[in-house]
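*Asks:* I'd like to ask you about the structure that follows.
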Amino acid sequence: MTGLQLIKAAMNRKEVERIPWVPFVGVHAATLLNIDAITYFKSEQHIINGAEAAIKRYKPDGIPVTFDLQIEAEALGCEINWSKVNPPAVVSHPLADGTLKIADLKVPCRCSGRIATVMNAASKIKENNPDVALYGLITGPFTLALHLFGTEIFMKLYDNPAHVAELMEFCTKVAKAMSDYYLEAGCDIIAVVDPMVSQIGPDTFETSVTPYCKDLFSHIRDCGALSSFFVCGNAAHNLEEMCHCAPDNISIDENIPLELLKEVTDKHQISFGGNMKLTSVLLMGTAEESMFEAIDCMDKGGKTGFILAPGCDVPMSTPVENLEAVTNIIHDTYQQDILRAKGQSATQIDLLNLDNYFTNKKVKIDIITLDSQSCAPCQYMVKAVQLAVEEIGSQHIEVVEHKIKNKEGIQMMLSLGVKNLPTICIDGSIEFISIIPPKMELIRCIQKHLELKNTALV
Amino acid sequence: MENILESLATCIEFGKSDKSIAYPPELKGQDGAEELTKKALEAGISPNDVLKDGLVKAMNTVGEKFTQNKIFVPHMLMSARAMNSSLAVLKPFFKSGEIQRKGVFVIGTVAGDLHDIGKNLVAMMVEGAGWEVIDLGVDVTTEKFETSILEYPHCVVALSALLTTTMVNMEDTVKALKEKYPKTPLLIGGAPVTQKFSNRIGADDYNADPQGVIEYLNKIA
């Protein structure tokens, strides 16, 4: 299955052979290209190159064209503050300061502002990567309304709900137009990114967001495309309402427990994703912690309807090796099992005292495996040891396989200091890690230990 | 007399600033926070009691409801606006010294960061809890925080950051201020900020919501 097919299957809640992976690379692409964020966001070619670099490094099943929630606001007259290390930020709200009135606002055309830059980039990225699901990210109506009106909009919800309704209607028209531009450019998925909805309660959501977003998702569906509803912040109280808007997928950040999202979306038969911890793990953690985080999310999400993704836009300086580690673990079920076992072991297992485990009589070969019955590399490693021992003669050699599927196996693995599987230890020293040694090399190594033992006995 | 303060607290809790505000619908056409504050003073209630049994009581309820996810940002802003209408009436009594504030609370979003919703909410709630609030705005440098500490030597300082990148600036500011002014309590908050981060950079307290800040202030006031 291609990435695009995997994403489509997940969004249609069909069971998939592998959980699809969508790293939300926007400003992080600037790091991959070794340029600053301003240069990246303003250039069609850099946006194309950024997506290409992310596809090459992170082997995603889906990828956004870019991640910039200021494009529409900028085209509509909001002042933008540019940063070299962050996406731009909206700093003026033309409807609040009276510069503009709702009636003055026009839906921006495809050629205005940076809309053309992004749409042209989208076409090229799709042309070069037809098998990767391409996400076009649009600013959700409520967040766009907030860009235009500022935080005053929160009070207008009570003071003048009709005014807010008029603005939401306009912002929905903009969102539909942006969806159309992205779909014409070749995008497969429209992601409606509406982080500000986390700030309102379910009753306000129901009256001031649901009618507009429902209309928007219906429009995207009518165009034959799939949709996702992105939120960030603690929007747990609005998950039910978000489902009522009928998107194909809901994506959240780490503020909402993934189990809760799964429970709600399962009930509504909607696909779901996101949740990987951006700051504490992907940005500030290690590659191994990033892998554990991916496994944890995948185990909670399961293979029906779940799309693995970071909680939101990947920060610019996220270490590349952390995302590469996630990429690797997704494609390697064997390493996943090893990490699961390791993760389980870390907190619960005491180390063994091996003082009396090794004797002067026999060379002891410990093979740490996942299980040689079910894991091919483990099976070959055990076989290689058996053949070598047969050749040497087994009277002074003892071979033990430790399967880390049980507690004793994990205990032995940790006590021997083994970190990767499968591994061969001879008389307590780690000799071969992951790689199955050629027969002669293995024989030489065992003989070296036999000689050491003989010398010791003499 | 108690009824006036109870009505005032209700108006602030539900965000009815003055008579012209039509929300909540059941109070349409009735006096709001501004009118009730004036009436309370006219009835001889002391400004301190108006503050304590009207404003602080109402904002405390608002803070608790917010923490419990019973109300959200729009409602909180409505309450804060109503509180400000009442504070405007009480302003002369602050100036004359008849009402004593609990202390000075300096707040700002750290350098390089332009986000202000969370910072504003904390500022409003702390003001509603009886503190004098010095809001330094957004993109606040270490030097600006320092100027305020020099002006108000016994103040509490709060720093907000909404971006992972500006958390670095938060760390620099906290470390610089802590070194020069070890006795000044430094509080931090913001979406990406965690208790772990707070411990690492040596801040005195981290809170996920405004009510946590109030609880901390109540402990030290």
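Ordered as shown in the structure tokens, chains take letters A, B, and onward, while each chain numbers its residues from 1 and ligands are numbered from 1 in the order shown.
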Excluding same-chain residues fewer than 5 positions from Ala176 in chain B, what lies within 12 Å of it counting only C-alpha atoms, as a list in words?
*Replies:*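 Surrounding residues, per the criterion: Thr141, Thr142, Glu143, Phe145, Glu146, Asn169, Met170, Glu171, Tyr181, Pro182, Thr184, Leu186, Ile201, Gly202 and Ala203 of chain B.
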*Asks:* Applying 9 Å and only C-alpha atoms, which residues near Ile19 in chain A remain after dropping the ones on its own chain fewer than 2 positions away? List them as a PyMOL selection string.
*Replies:* chain A and resi 6-7+10+16-17+21+298+301-308+330
*Asks:* Include C-alpha atoms and write out the residues we just selected as a compact mmCIF listing (two decimals), in the first residue's frame.
*Replies:*
# COMPACT_ATOMS: atom_id res chain seq x y z
CA LEU A 6 -2.81 3.88 3.90
CA ILE A 7 -4.08 7.31 4.92
CA ALA A 10 -7.26 4.86 7.99
CA VAL A 16 -4.42 -1.21 8.07
CA GLU A 17 -1.29 -3.40 8.01
CA TRP A 21 2.64 8.45 9.86
CA MET A 298 0.47 3.42 18.29
CA GLY A 301 -4.41 4.19 18.76
CA GLY A 302 -4.47 0.73 17.18
CA LYS A 303 -4.69 -0.16 13.52
CA THR A 304 -8.21 0.98 12.81
CA GLY A 305 -8.68 4.65 12.08
CA PHE A 306 -5.52 5.93 13.78
CA ILE A 307 -2.91 8.18 12.15
CA LEU A 308 0.35 8.73 14.05
CA ILE A 330 7.20 2.76 12.55
*Asks:* So that I can check the surroundings of Phe358 in chain A, please list as a PyMOL selection string every protein, DNA and RNA residue that reaches within 10 Å of it, counting only C-alpha atoms and ignoring chain neighbours fewer than 6 positions away.
*Replies:* chain A and resi 364-365+426-428
*Asks:* Find the residues of chain B in contact range of chain A, meaning any atom within 12 Å when counting only C-alpha atoms, and list them as a ChimeraX atom specification.
*Replies:* /B:14-17,20-25,28,66-82,112-118,120-121,138-139,162-168,190-197,208-209
*Asks:* Run DSSP on the backbone of this structure and report the residues of range 257-297 of chain A it assigns to strand (DSSP E or B), as a PyMOL selection string.
*Replies:* chain A and resi 271-276
*Asks:* Convert the current residue selection to file output with N, CA, C and O atoms, as a PDB file, in the first residue's frame.
*Replies:*
ATOM      1  N   SER A 271     -12.169   8.816  12.019  1.00  0.00           N
ATOM      2  CA  SER A 271     -10.747   8.524  12.179  1.00  0.00           C
ATOM      3  C   SER A 271     -10.105   9.547  13.135  1.00  0.00           C
ATOM      4  O   SER A 271     -10.661  10.625  13.345  1.00  0.00           O
ATOM      5  N   PHE A 272      -8.930   9.204  13.695  1.00  0.00           N
ATOM      6  CA  PHE A 272      -8.332  10.102  14.693  1.00  0.00           C
ATOM      7  C   PHE A 272      -6.808  10.021  14.652  1.00  0.00           C
ATOM      8  O   PHE A 272      -6.245   9.093  14.070  1.00  0.00           O
ATOM      9  N   GLY A 273      -6.157  11.009  15.275  1.00  0.00           N
ATOM     10  CA  GLY A 273      -4.691  10.972  15.256  1.00  0.00           C
ATOM     11  C   GLY A 273      -4.063  12.089  16.045  1.00  0.00           C
ATOM     12  O   GLY A 273      -4.731  12.830  16.760  1.00  0.00           O
ATOM     13  N   GLY A 274      -2.727  12.186  15.910  1.00  0.00           N
ATOM     14  CA  GLY A 274      -1.964  13.223  16.615  1.00  0.00           C
ATOM     15  C   GLY A 274      -1.485  12.750  17.959  1.00  0.00           C
ATOM     16  O   GLY A 274      -1.204  11.561  18.142  1.00  0.00           O
ATOM     17  N   ASN A 275      -1.371  13.681  18.913  1.00  0.00           N
ATOM     18  CA  ASN A 275      -1.106  13.395  20.327  1.00  0.00           C
ATOM     19  C   ASN A 275       0.365  13.176  20.722  1.00  0.00           C
ATOM     20  O   ASN A 275       0.706  13.221  21.891  1.00  0.00           O
ATOM     21  N   MET A 276       1.268  12.946  19.747  1.00  0.00           N
ATOM     22  CA  MET A 276       2.669  12.731  20.170  1.00  0.00           C
ATOM     23  C   MET A 276       3.177  14.000  20.856  1.00  0.00           C
ATOM     24  O   MET A 276       2.950  15.106  20.376  1.00  0.00           O
TER      25      MET A 276
END
*Asks:* When you draw a straight line from CA of Leu69 in chain A to CA of Tyr212 in chain A, how long is it in Å?
*Replies:* 18.2 Å
*Asks:* At a cut-off of 12 Å, using only C-alpha atoms, what residues contact Cys155 in chain B? Leave out same-chain residues fewer than 6 positions from it and give the result as a PyMOL selection string.
*Replies:* chain B and resi 101-107+131-134+145-149+181+183-187+217+220-221
*Asks:* List as JSON, numbers by chain the protein and nucleic acid residues near Ala40 in chain B, meaning an atom at most 9 Å away when only C-alpha atoms are counted, but skip any in the same chain fewer than 2 places from it.
*Replies:* {"B": [1, 4, 5, 8, 35, 36, 37, 38, 42, 43, 44, 45, 46, 47, 50]}
*Asks:* Quick one: of B:Leu150, B:Val110, B:Met125, B:Ala58, who's nearest to Lys180 in chain B, counting only C-alpha atoms?
*Replies:*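 Ranking B:Leu150, B:Val110, B:Met125, B:Ala58 by distance to Lys180 in chain B, first place goes to B:Leu150.
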*Asks:* Which one is closest to Asp248 in chain A: A:Ala51, A:Met413, A:Val118, A:Ala9? Count only C-alpha atoms.
*Replies:* A:Ala9
*Asks:* For CA of Asp68 in chain A and CA of Glu52 in chain A, determine how far apart the two atoms are, in Å to one decimal place.
*Replies:* 17.4 Å
*Asks:* For Thr99 in chain A, which of A:Ile404, A:Ala162, A:Ala30, A:Leu76 is the closest residue, counting only C-alpha atoms?
*Replies:*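 Counting only C-alpha atoms, the residue closest to Thr99 in chain A is A:Leu76.
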*Asks:* Using DSSP on the backbone, list every residue of chain B that comes out as alpha helix (DSSP H), and give them as a VMD selection string.
*Replies:* chain B and resid 2 to 14 33 to 42 47 to 49 57 to 67 73 to 96 117 to 128 142 to 151 167 to 180 195 to 201 210 to 220
*Asks:* Can you pull out every residue within 12 Å of Tyr40 in chain A, counting only C-alpha atoms, but drop anything in the same chain fewer than 4 positions away, and send it as a ChimeraX atom specification?
*Replies:* /A:26-36,44-51,66-68,82-88,114,117-118,121,316
*Asks:* Mind writing the picked residues with N, CA and C atoms as a CSV table (one decimal), in the first residue's frame?
*Replies:*
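Now in part01.csv:
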chain,number,residue,atom,x,y,z
A,26,GLY,N,6.3,22.0,9.1
A,26,GLY,CA,6.1,23.4,8.5
A,26,GLY,C,7.4,24.1,8.7
A,27,VAL,N,7.5,24.9,9.8
A,27,VAL,CA,8.7,25.7,10.1
A,27,VAL,C,9.9,24.8,10.3
A,28,HIS,N,9.7,23.6,10.7
A,28,HIS,CA,10.9,22.7,10.9
A,28,HIS,C,11.6,22.4,9.5
A,29,ALA,N,10.9,22.6,8.4
A,29,ALA,CA,11.5,22.4,7.1
A,29,ALA,C,12.7,23.4,6.9
A,30,ALA,N,12.6,24.6,7.6
A,30,ALA,CA,13.7,25.6,7.5
A,30,ALA,C,15.0,25.0,8.1
A,31,THR,N,14.8,24.2,9.2
A,31,THR,CA,16.0,23.5,9.7
A,31,THR,C,16.6,22.5,8.7
A,32,LEU,N,15.7,21.8,8.1
A,32,LEU,CA,16.2,20.8,7.1
A,32,LEU,C,16.9,21.5,6.0
A,33,LEU,N,16.5,22.7,5.6
A,33,LEU,CA,17.1,23.4,4.5
A,33,LEU,C,18.2,24.3,5.0
A,34,ASN,N,18.4,24.4,6.3
A,34,ASN,CA,19.4,25.3,6.9
A,34,ASN,C,19.2,26.8,6.5
A,35,ILE,N,18.0,27.2,6.5
A,35,ILE,CA,17.6,28.6,6.3
A,35,ILE,C,16.8,29.1,7.5
A,36,ASP,N,16.5,30.4,7.5
A,36,ASP,CA,15.6,30.9,8.6
A,36,ASP,C,14.1,30.8,8.2
A,44,GLU,N,8.3,30.0,-2.7
A,44,GLU,CA,7.6,28.8,-3.2
A,44,GLU,C,8.7,27.6,-3.3
A,45,GLN,N,9.9,28.0,-3.8
A,45,GLN,CA,10.9,26.9,-4.0
A,45,GLN,C,11.3,26.3,-2.7
A,46,HIS,N,11.4,27.2,-1.7
A,46,HIS,CA,11.9,26.6,-0.4
A,46,HIS,C,10.8,25.7,0.3
A,47,ILE,N,9.5,26.1,0.0
A,47,ILE,CA,8.4,25.3,0.6
A,47,ILE,C,8.5,23.9,-0.1
A,48,ILE,N,8.7,24.0,-1.4
A,48,ILE,CA,8.8,22.7,-2.2
A,48,ILE,C,10.0,21.9,-1.7
A,49,ASN,N,11.2,22.5,-1.6
A,49,ASN,CA,12.4,21.8,-1.1
A,49,ASN,C,12.2,21.3,0.3
A,50,GLY,N,11.5,22.1,1.1
A,50,GLY,CA,11.3,21.7,2.5
A,50,GLY,C,10.5,20.4,2.6
A,51,ALA,N,9.4,20.3,1.8
A,51,ALA,CA,8.6,19.1,1.8
A,51,ALA,C,9.4,17.9,1.3
A,66,THR,N,2.7,23.1,3.9
A,66,THR,CA,3.4,23.8,4.9
A,66,THR,C,2.5,24.0,6.1
A,67,PHE,N,2.9,24.7,7.1
A,67,PHE,CA,2.0,24.9,8.3
A,67,PHE,C,2.1,26.3,8.7
A,68,ASP,N,1.1,27.1,8.2
A,68,ASP,CA,1.1,28.5,8.4
A,68,ASP,C,-0.3,29.0,8.5
A,82,TRP,N,7.1,38.8,11.6
A,82,TRP,CA,7.9,37.7,11.1
A,82,TRP,C,9.0,37.3,12.1
A,83,SER,N,9.2,36.1,12.2
A,83,SER,CA,10.3,35.6,13.1
A,83,SER,C,11.2,34.6,12.4
A,84,LYS,N,12.5,34.7,12.7
A,84,LYS,CA,13.4,33.7,12.1
A,84,LYS,C,13.3,32.3,12.6
A,85,VAL,N,12.7,32.1,13.7
A,85,VAL,CA,12.7,30.8,14.3
A,85,VAL,C,11.3,30.3,14.6
A,86,ASN,N,10.2,31.0,14.2
A,86,ASN,CA,8.9,30.6,14.4
A,86,ASN,C,8.0,30.9,13.1
A,87,PRO,N,6.8,30.3,13.1
A,87,PRO,CA,5.9,30.8,12.0
A,87,PRO,C,5.6,32.2,12.3
A,88,PRO,N,5.1,33.0,11.3
A,88,PRO,CA,4.7,34.4,11.6
A,88,PRO,C,3.5,34.4,12.5
A,114,ARG,N,0.5,35.5,-0.2
A,114,ARG,CA,1.3,34.2,-0.2
A,114,ARG,C,0.4,33.0,-0.6
A,117,THR,N,1.9,31.5,-3.6
A,117,THR,CA,3.2,30.9,-3.3
A,117,THR,C,2.9,29.5,-2.9
A,118,VAL,N,2.0,29.3,-1.9
A,118,VAL,CA,1.7,28.0,-1.3
A,118,VAL,C,1.0,27.1,-2.3
A,121,ALA,N,3.4,25.8,-4.8
A,121,ALA,CA,4.3,24.8,-4.2
A,121,ALA,C,3.5,23.5,-4.0
A,316,MET,N,10.7,24.3,15.1
A,316,MET,CA,11.8,24.4,14.1
A,316,MET,C,13.0,23.6,14.5
*Asks:* Could you tell me how far CA of Pro20 in chain A sits from CA of Glu263 in chain A, in Å to one decimal place?
*Replies:*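 Computing it gives 19.5 Å between the two atoms.
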